[in-house]
>>> print(open('my_file_27.txt').read())   # compact mmCIF, C-alpha atoms
# COMPACT_ATOMS: atom_id res chain seq x y z
CA MET A 1 32.34 -34.78 20.79
CA ILE A 2 30.63 -32.50 18.26
CA CYS A 3 26.84 -32.44 18.30
CA TRP A 4 25.45 -31.47 14.88
CA SER A 5 21.86 -30.74 15.88
CA SER A 6 21.15 -27.49 14.04
CA VAL A 7 20.96 -26.66 10.35
CA LEU A 8 21.24 -23.30 8.60
CA VAL A 9 19.36 -22.98 5.33
CA LEU A 10 19.67 -20.03 2.95
CA LEU A 11 16.65 -19.63 0.72
CA THR A 12 17.10 -17.85 -2.60
CA VAL A 13 15.80 -14.42 -1.57
CA LEU A 14 16.03 -11.76 -4.25
CA ASP A 15 15.39 -8.02 -4.24
CA ALA A 16 13.43 -6.14 -6.87
CA ASN A 17 16.49 -6.09 -9.16
CA GLY A 18 16.93 -9.86 -9.04
CA THR A 19 20.05 -9.76 -6.83
CA LEU A 20 20.45 -11.14 -3.32
CA ALA A 21 18.51 -9.03 -0.83
CA GLY A 22 20.35 -6.61 1.46
CA ASN A 23 21.68 -6.66 5.01
CA TRP A 24 19.74 -8.20 7.90
CA PRO A 25 21.74 -6.82 10.84
CA GLN A 26 19.60 -7.63 13.88
CA TRP A 27 16.62 -9.46 15.34
CA ARG A 28 13.59 -8.74 13.11
CA GLY A 29 15.65 -7.01 10.45
CA PRO A 30 16.79 -3.48 9.58
CA ALA A 31 13.77 -1.66 11.04
CA GLY A 32 12.98 -4.16 13.80
CA THR A 33 9.64 -4.95 12.14
CA GLY A 34 10.36 -8.36 10.62
CA ALA A 35 9.84 -6.92 7.13
CA ALA A 36 12.27 -6.87 4.20
CA ALA A 37 10.67 -4.12 2.16
CA ASP A 38 12.41 -4.79 -1.17
CA ALA A 39 12.72 -8.58 -1.04
CA GLU A 40 10.84 -11.04 -3.21
CA PRO A 41 11.09 -14.29 -1.23
CA PRO A 42 9.99 -17.67 -2.65
CA LEU A 43 6.50 -18.79 -1.74
CA THR A 44 7.39 -22.48 -1.94
CA TRP A 45 10.52 -24.48 -1.26
CA SER A 46 11.64 -28.05 -0.73
CA GLU A 47 14.90 -29.99 -0.48
CA SER A 48 15.58 -29.11 -4.12
CA GLU A 49 13.49 -26.01 -4.87
CA ASN A 50 14.55 -22.43 -4.04
CA VAL A 51 17.29 -23.52 -1.63
CA ARG A 52 20.70 -22.04 -2.37
CA TRP A 53 22.58 -24.15 0.18
CA LYS A 54 22.20 -25.97 3.50
CA VAL A 55 24.90 -26.65 6.10
CA PRO A 56 24.89 -28.38 9.52
CA LEU A 57 25.76 -26.33 12.59
CA PRO A 58 27.40 -27.60 15.78
CA GLY A 59 25.47 -27.62 19.02
CA ARG A 60 22.04 -26.06 19.51
CA GLY A 61 21.10 -22.45 18.80
CA HIS A 62 17.81 -20.68 18.12
CA ALA A 63 19.28 -17.24 17.41
CA THR A 64 18.41 -15.46 14.17
CA PRO A 65 21.39 -15.39 11.80
CA VAL A 66 22.40 -11.84 10.90
CA ILE A 67 23.77 -10.79 7.52
CA TRP A 68 26.10 -8.04 6.36
CA GLY A 69 27.41 -8.05 2.81
CA ASP A 70 28.78 -11.49 1.99
CA ARG A 71 28.94 -12.70 5.61
CA ILE A 72 26.42 -14.52 7.80
CA PHE A 73 26.92 -14.55 11.57
CA VAL A 74 25.22 -17.07 13.84
CA THR A 75 25.67 -18.23 17.44
CA THR A 76 25.36 -21.64 19.05
CA ALA A 77 25.88 -23.41 22.37
CA GLU A 78 27.84 -26.63 21.95
CA PRO A 79 27.92 -29.34 24.65
CA PHE A 80 31.25 -31.02 25.27
CA GLY A 81 33.07 -33.24 27.74
CA PRO A 82 31.89 -36.12 29.90
CA GLN A 83 28.23 -36.74 30.66
CA LEU A 84 27.30 -35.56 34.15
CA PRO A 85 24.40 -36.66 36.38
CA PRO A 86 21.33 -34.79 35.08
CA ARG A 87 20.14 -31.82 37.09
CA THR A 88 17.73 -28.95 36.52
CA SER A 89 17.76 -25.31 37.54
CA GLY A 90 15.81 -25.83 40.75
CA ALA A 91 13.83 -22.67 39.96
CA PRO A 92 10.44 -22.31 41.67
CA GLY A 93 7.75 -23.88 39.50
CA ALA A 94 10.29 -25.37 37.10
CA HIS A 95 8.79 -27.62 34.45
CA ASP A 96 9.59 -28.84 30.94
CA ASN A 97 13.26 -28.02 31.52
CA LEU A 98 16.17 -29.49 29.61
CA PRO A 99 18.44 -31.26 32.11
CA ILE A 100 21.97 -29.99 32.48
CA THR A 101 24.28 -32.87 31.63
CA GLN A 102 27.43 -31.29 30.11
CA ARG A 103 29.61 -28.24 29.98
CA HIS A 104 29.03 -25.94 26.98
CA ARG A 105 31.08 -23.84 24.61
CA PHE A 106 29.45 -20.60 23.53
CA VAL A 107 30.42 -20.02 19.92
CA MET A 108 30.05 -17.51 17.09
CA LEU A 109 30.35 -18.68 13.49
CA CYS A 110 30.87 -16.66 10.33
CA LEU A 111 29.72 -18.29 7.09
CA ASP A 112 30.11 -17.23 3.50
CA ARG A 113 26.77 -16.02 2.18
CA ALA A 114 27.36 -17.40 -1.30
CA ASP A 115 27.99 -21.05 -0.42
CA GLY A 116 27.71 -21.53 3.37
CA GLN A 117 31.40 -22.29 3.82
CA LEU A 118 32.81 -21.59 7.28
CA ARG A 119 34.95 -18.43 7.28
CA TRP A 120 35.78 -18.49 10.96
CA ARG A 121 34.72 -19.92 14.32
CA ARG A 122 35.30 -18.26 17.71
CA GLU A 123 34.78 -20.07 21.01
CA LEU A 124 33.93 -17.21 23.37
CA HIS A 125 33.18 -18.89 26.69
CA GLU A 126 33.02 -22.27 28.42
CA SER A 127 30.92 -23.09 31.46
CA LEU A 128 28.53 -25.52 33.12
CA PRO A 129 25.14 -23.78 32.73
CA HIS A 130 23.06 -23.14 35.86
CA GLU A 131 19.89 -23.55 33.77
CA GLY A 132 19.18 -25.74 30.77
CA GLY A 133 16.12 -23.74 29.68
CA HIS A 134 12.83 -24.95 28.28
CA HIS A 135 13.05 -28.13 26.20
CA THR A 136 11.99 -26.18 23.10
CA ALA A 137 14.65 -23.48 23.61
CA SER A 138 18.45 -23.30 23.60
CA LEU A 139 21.32 -21.66 25.45
CA ALA A 140 21.93 -19.53 22.35
CA SER A 141 18.51 -17.98 21.77
CA ALA A 142 19.43 -14.27 21.83
CA SER A 143 20.24 -13.12 18.30
CA PRO A 144 23.55 -11.46 17.44
CA LEU A 145 23.68 -8.09 15.72
CA THR A 146 26.15 -6.27 13.49
CA ASP A 147 26.86 -2.78 12.20
CA GLY A 148 29.14 -4.04 9.42
CA GLU A 149 32.24 -3.22 11.48
CA HIS A 150 31.52 -5.11 14.69
CA VAL A 151 29.41 -8.15 15.46
CA PHE A 152 27.94 -8.65 18.95
CA ALA A 153 27.13 -12.03 20.50
CA PHE A 154 24.94 -12.05 23.61
CA PHE A 155 24.67 -15.24 25.67
CA GLY A 156 23.03 -13.66 28.74
CA SER A 157 24.49 -15.28 31.86
CA HIS A 158 27.41 -16.49 29.75
CA GLY A 159 28.53 -13.08 28.56
CA LEU A 160 28.36 -10.32 25.97
CA TYR A 161 31.07 -10.27 23.29
CA CYS A 162 32.10 -7.74 20.66
CA LEU A 163 34.19 -8.99 17.72
CA ASP A 164 35.26 -7.38 14.50
CA VAL A 165 33.83 -8.94 11.35
CA ASP A 166 37.02 -10.97 10.89
CA GLY A 167 36.49 -12.68 14.25
CA THR A 168 38.96 -10.82 16.48
CA LEU A 169 37.64 -10.24 19.99
CA VAL A 170 37.42 -6.49 20.73
CA TRP A 171 35.89 -6.61 24.23
CA SER A 172 33.72 -8.78 26.46
CA LYS A 173 31.55 -8.19 29.50
CA GLN A 174 29.89 -10.36 32.14
CA LEU A 175 26.62 -8.91 33.47
CA GLY A 176 25.88 -11.55 36.11
CA GLN A 177 23.69 -14.62 36.43
CA MET A 178 20.15 -14.45 35.10
CA ASN A 179 17.57 -16.61 36.85
CA SER A 180 14.64 -17.07 34.50
CA LYS A 181 11.03 -17.78 35.45
CA HIS A 182 10.47 -21.54 35.87
CA GLY A 183 14.03 -22.06 34.61
CA HIS A 184 12.77 -21.57 31.05
CA GLY A 185 15.91 -19.79 29.88
CA GLU A 186 17.01 -16.52 28.33
CA GLY A 187 16.22 -14.97 24.97
CA ALA A 188 16.02 -11.16 24.74
CA SER A 189 18.37 -9.90 22.03
CA PRO A 190 20.43 -6.69 22.29
CA ALA A 191 19.57 -3.52 20.38
CA LEU A 192 22.00 -1.09 18.77
CA TYR A 193 21.56 2.58 17.94
CA ASP A 194 24.49 4.60 16.62
CA GLN A 195 27.22 4.15 19.29
CA THR A 196 24.99 2.67 22.00
CA LEU A 197 24.22 -0.98 22.75
CA ILE A 198 21.11 -1.74 24.86
CA ILE A 199 20.59 -4.88 26.97
CA ASN A 200 17.31 -5.88 28.65
CA TRP A 201 18.07 -7.92 31.81
CA ASP A 202 14.62 -8.88 33.12
CA HIS A 203 14.65 -11.96 35.37
CA GLU A 204 13.63 -13.28 38.79
CA GLY A 205 16.31 -11.21 40.52
CA GLU A 206 17.26 -7.54 40.26
CA SER A 207 16.16 -6.54 36.76
CA PHE A 208 17.65 -3.64 34.82
CA VAL A 209 18.28 -2.14 31.40
CA VAL A 210 21.84 -1.09 30.63
CA ALA A 211 23.35 1.09 27.89
CA LEU A 212 26.94 0.38 26.79
CA ASP A 213 29.39 2.09 24.47
CA LYS A 214 29.61 -0.25 21.49
CA SER A 215 33.33 0.33 20.88
CA SER A 216 34.58 -0.36 24.41
CA GLY A 217 31.77 -1.98 26.42
CA ARG A 218 31.91 0.95 28.89
CA GLU A 219 28.67 1.35 30.82
CA LEU A 220 26.91 4.62 29.97
CA TRP A 221 23.91 4.24 32.25
CA ARG A 222 21.83 1.62 34.02
CA ALA A 223 18.18 1.83 35.10
CA ASN A 224 16.62 -0.59 37.57
CA ARG A 225 13.39 -2.22 36.42
CA ASP A 226 10.59 -3.38 38.72
CA GLU A 227 10.03 -6.43 36.51
CA VAL A 228 10.17 -10.21 36.55
CA THR A 229 11.35 -12.34 33.63
CA SER A 230 10.58 -11.15 30.12
CA TRP A 231 12.04 -12.19 26.80
CA ALA A 232 11.30 -8.94 24.94
CA THR A 233 14.00 -7.37 22.79
CA PRO A 234 14.22 -3.54 23.10
CA ILE A 235 13.63 -1.25 20.14
CA VAL A 236 15.14 2.21 19.68
CA VAL A 237 13.22 4.95 17.83
CA GLU A 238 13.55 8.67 17.19
CA HIS A 239 10.58 10.96 17.72
CA GLU A 240 10.45 14.76 17.82
CA GLY A 241 14.20 15.08 18.34
CA ARG A 242 14.39 12.56 21.20
CA THR A 243 15.59 8.95 20.99
CA GLN A 244 13.55 6.41 22.96
CA VAL A 245 14.49 2.92 24.13
CA ILE A 246 11.21 1.00 24.41
CA ILE A 247 10.98 -2.28 26.35
CA SER A 248 7.91 -4.41 27.09
CA GLY A 249 7.65 -5.98 30.52
CA THR A 250 5.10 -7.88 32.59
CA ASP A 251 4.34 -4.88 34.80
CA ARG A 252 4.74 -2.07 32.25
CA VAL A 253 5.90 -0.99 28.84
CA ARG A 254 8.47 1.76 29.34
CA ALA A 255 10.28 4.23 27.11
CA TYR A 256 13.72 5.41 28.30
CA ASP A 257 15.73 8.36 27.08
CA LEU A 258 18.69 6.91 25.16
CA LYS A 259 21.11 9.53 26.54
CA SER A 260 20.21 9.41 30.23
CA GLY A 261 18.08 6.35 30.98
CA GLU A 262 15.28 8.57 32.29
CA VAL A 263 11.76 7.11 31.90
CA ILE A 264 9.85 9.19 29.34
CA TRP A 265 6.54 7.31 29.53
CA GLU A 266 5.17 4.05 30.89
CA CYS A 267 2.01 2.02 30.51
CA GLY A 268 0.68 -0.92 32.53
CA GLY A 269 -1.66 -3.68 31.47
CA GLN A 270 0.50 -6.37 29.88
CA THR A 271 -0.04 -10.07 30.54
CA GLY A 272 2.50 -12.45 32.07
CA ASN A 273 5.53 -13.95 30.29
CA VAL A 274 6.05 -11.04 27.88
CA ILE A 275 7.95 -12.16 24.77
CA PRO A 276 7.13 -9.99 21.69
CA ALA A 277 9.29 -6.98 20.94
CA PRO A 278 7.44 -3.68 20.42
CA VAL A 279 7.00 -2.51 16.83
CA ARG A 280 6.93 1.09 15.63
CA LEU A 281 3.98 2.02 13.41
CA GLY A 282 4.20 5.64 12.27
CA ASP A 283 4.08 7.90 15.32
CA ASN A 284 2.91 5.08 17.56
CA VAL A 285 4.45 1.95 19.05
CA VAL A 286 2.48 -1.29 19.18
CA CYS A 287 3.06 -3.62 22.15
CA MET A 288 1.41 -6.96 22.79
CA SER A 289 1.49 -10.05 24.99
CA GLY A 290 -0.62 -13.14 25.33
CA TRP A 291 0.08 -15.59 28.15
CA LYS A 292 -3.27 -16.79 29.62
CA ALA A 293 -4.83 -13.53 28.37
CA THR A 294 -4.35 -11.06 25.54
CA ALA A 295 -3.23 -7.46 25.52
CA ILE A 296 -2.36 -5.12 22.69
CA PHE A 297 -1.72 -1.38 22.85
CA SER A 298 -0.92 1.31 20.32
CA ILE A 299 0.87 4.05 22.24
CA PRO A 300 1.75 7.48 20.80
CA LEU A 301 5.47 8.20 20.94
CA SER A 302 4.59 11.70 22.14
CA ALA A 303 3.29 10.27 25.45
CA LYS A 304 4.65 11.55 28.78
CA GLY A 305 4.57 10.04 32.26
CA ASP A 306 2.32 7.19 33.39
CA ILE A 307 -0.45 6.76 30.81
CA SER A 308 -1.93 3.54 32.23
CA GLY A 309 -5.72 3.50 31.90
CA THR A 310 -5.90 6.83 30.07
CA ASP A 311 -7.31 7.81 26.68
CA THR A 312 -3.74 8.35 25.44
CA ILE A 313 -3.53 4.74 24.32
>>> encode(input="my_file_27.txt", output="structure tokens")
Amino acid sequence: MICWSSVLVLLTVLDANGTLAGNWPQWRGPAGTGAAADAEPPLTWSESENVRWKVPLPGRGHATPVIWGDRIFVTTAEPFGPQLPPRTSGAPGAHDNLPITQRHRFVMLCLDRADGQLRWRRELHESLPHEGGHHTASLASASPLTDGEHVFAFFGSHGLYCLDVDGTLVWSKQLGQMNSKHGHGEGASPALYDQTLIINWDHEGESFVVALDKSSGRELWRANRDEVTSWATPIVVEHEGRTQVIISGTDRVRAYDLKSGEVIWECGGQTGNVIPAPVRLGDNVVCMSGWKATAIFSIPLSAKGDISGTDTI
């Protein structure tokens, strides 16, 4: 059975020269800010206005599509097989969970940017999920990313996959089983800088951040994190000759050295259930959260050590 429950729509987005806008290789775009600096998007649209094409997608996926050249890459989780007795994750405090009733295929699709036609489909993994996630989420919520040569699909507990842009599997890696708070599911997307892929693995077990070689999947370093579940995607920035991996968490925002995994600076004071990715603004990074309270910080990238409660912020 194929479940067509998602739709991909391409709006007519033009750059300043009137041509289709450029690459969108990762979650929140080229700079990780959510901004397309040279685009001139439509301000209104409907079923017939400013829509280039619309195609149905199999399964259920909330990942951002990523774009390189004339290709669009998107992931989905597709239920299949016989209906099973409904069950939930059994996580402490679980509520509003989708019941687990079927096995799932974890799939990457490549569509033609011009007309939405399917170029290729790769089924990367099959399993019976241990969590169904929140009823508003999906099992394919982490966004893929691409460097124009490779495309990376991250399904959390169901694996990390590197393909070439023609759909050939280059390598894959299983990082374990993630147990999310209240069984609400997984969603942090990977980050890529030069040859290094960064994964944030915050959950209700042993949390960590891991750096992998993008060409082989070889682990370069791993740093344990004293954190519970977060859904925050890392960002990677250069400042004063040093490259920082910055990740928001419930306990602290931390910056790690890209080469070694050493903590450069850290800052406490976030709220629970941290979801937003940090955003660079000049020589500062802005971090925020908002579950049952609000917190927002602008932290200088020149910070060192634990700056919680100081005038550095």
>>> axis_aligned_box(input="my_file_27.txt", around="region 189-204 of chain A", padding_each_side="6 Å", output="AutoDock Vina command-line options")
--center_x 20.4 --center_y -4.3 --center_z 27.7 --size_x 25.6 --size_y 29.9 --size_z 34.2
>>> closest_residue(input="my_file_27.txt", among="A:Ser215, A:Thr196, A:Asn97, A:Thr64", to="Ala140 (chain A)", atoms="only C-alpha atoms")
A:Thr64
>>> closest_residue(input="my_file_27.txt", among="A:Gln117, A:Gln244, A:Asn284, A:Thr233", to="Arg71 (chain A)", atoms="only C-alpha atoms")
A:Gln117
>>> closest_residue(input="my_file_27.txt", among="A:His62, A:Arg254, A:His150, A:Lys181", to="Gly272 (chain A)", atoms="all atoms listed in the file")
A:Lys181
>>> closest_residue(input="my_file_27.txt", among="A:Ile296, A:Ala39, A:Leu192, A:Ile275", to="Pro25 (chain A)", atoms="only C-alpha atoms")
A:Leu192
>>> atom_distance(input="my_file_27.txt", atom1="CA of Ala303 (chain A)", atom2="CA of Gly29 (chain A)")
26.0 Å
>>> atom_distance(input="my_file_27.txt", atom1="CA of Gly93 (chain A)", atom2="CA of Phe154 (chain A)")
26.2 Å
>>> atom_distance(input="my_file_27.txt", atom1="CA of Asp257 (chain A)", atom2="CA of Pro234 (chain A)")
12.6 Å
>>> residues_around(input="my_file_27.txt", residues="region 104-112 of chain A", least_positions_apart="6", cutoff="8 Å", atoms="all atoms listed in the file", output="PyMOL selection string")
chain A and resi 70-80+118-129+140+153+155+158+167
>>> write_last_selection(input="my_file_27.txt", atoms="C-alpha atoms", output="short mmCIF file (atom, residue, chain, number, x, y, z; two decimals), in the coordinates of the input")
data_model
loop_
_atom_site.label_atom_id
_atom_site.label_comp_id
_atom_site.auth_asym_id
_atom_site.auth_seq_id
_atom_site.Cartn_x
_atom_site.Cartn_y
_atom_site.Cartn_z
CA ASP A 70 28.78 -11.49 1.99
CA ARG A 71 28.94 -12.70 5.61
CA ILE A 72 26.42 -14.52 7.80
CA PHE A 73 26.92 -14.55 11.57
CA VAL A 74 25.22 -17.07 13.84
CA THR A 75 25.67 -18.23 17.44
CA THR A 76 25.36 -21.64 19.05
CA ALA A 77 25.88 -23.41 22.37
CA GLU A 78 27.84 -26.63 21.95
CA PRO A 79 27.92 -29.34 24.65
CA PHE A 80 31.25 -31.02 25.27
CA LEU A 118 32.81 -21.59 7.28
CA ARG A 119 34.95 -18.43 7.28
CA TRP A 120 35.78 -18.49 10.96
CA ARG A 121 34.72 -19.92 14.32
CA ARG A 122 35.30 -18.26 17.71
CA GLU A 123 34.78 -20.07 21.01
CA LEU A 124 33.93 -17.21 23.37
CA HIS A 125 33.18 -18.89 26.69
CA GLU A 126 33.02 -22.27 28.42
CA SER A 127 30.92 -23.09 31.46
CA LEU A 128 28.53 -25.52 33.12
CA PRO A 129 25.14 -23.78 32.73
CA ALA A 140 21.93 -19.53 22.35
CA ALA A 153 27.13 -12.03 20.50
CA PHE A 155 24.67 -15.24 25.67
CA HIS A 158 27.41 -16.49 29.75
CA GLY A 167 36.49 -12.68 14.25
#
>>> closest_residue(input="my_file_27.txt", among="A:Thr243, A:Glu131, A:Ser46, A:Met288", to="Pro86 (chain A)", atoms="all atoms listed in the file")
A:Glu131
>>> decode(input="my_file_27.txt", residues="region 143-182 of chain A", atoms="C-alpha atoms", output="compact mmCIF listing (two decimals), in the first residue's frame")
# COMPACT_ATOMS: atom_id res chain seq x y z
CA SER A 143 16.19 17.72 6.76
CA PRO A 144 18.67 16.29 4.27
CA LEU A 145 21.65 18.31 3.06
CA THR A 146 23.83 18.35 -0.04
CA ASP A 147 27.15 19.71 -1.22
CA GLY A 148 26.31 19.18 -4.89
CA GLU A 149 28.34 15.96 -4.98
CA HIS A 150 26.77 14.03 -2.11
CA VAL A 151 23.36 14.14 -0.50
CA PHE A 152 22.90 13.08 3.14
CA ALA A 153 19.69 11.67 4.60
CA PHE A 154 19.40 11.51 8.39
CA PHE A 155 16.60 9.47 9.97
CA GLY A 156 17.99 9.46 13.52
CA SER A 157 17.35 6.04 15.06
CA HIS A 158 16.85 4.66 11.56
CA GLY A 159 20.24 5.65 10.21
CA LEU A 160 22.42 8.18 8.43
CA TYR A 161 22.96 7.70 4.69
CA CYS A 162 25.31 9.29 2.17
CA LEU A 163 24.38 8.99 -1.53
CA ASP A 164 25.80 10.58 -4.63
CA VAL A 165 23.45 12.94 -6.46
CA ASP A 166 22.49 10.13 -8.85
CA GLY A 167 21.17 8.03 -5.96
CA THR A 168 24.00 5.52 -5.46
CA LEU A 169 24.61 4.70 -1.80
CA VAL A 170 28.16 5.69 -0.79
CA TRP A 171 28.04 4.79 2.92
CA SER A 172 25.63 4.40 5.82
CA LYS A 173 25.91 4.48 9.59
CA GLN A 174 23.71 3.49 12.52
CA LEU A 175 24.23 5.65 15.63
CA GLY A 176 21.87 3.81 17.98
CA GLN A 177 18.34 4.24 19.27
CA MET A 178 17.20 7.71 20.28
CA ASN A 179 14.60 7.92 23.03
CA SER A 180 12.93 11.30 22.81
CA LYS A 181 11.25 13.22 25.63
CA HIS A 182 7.60 12.14 25.99
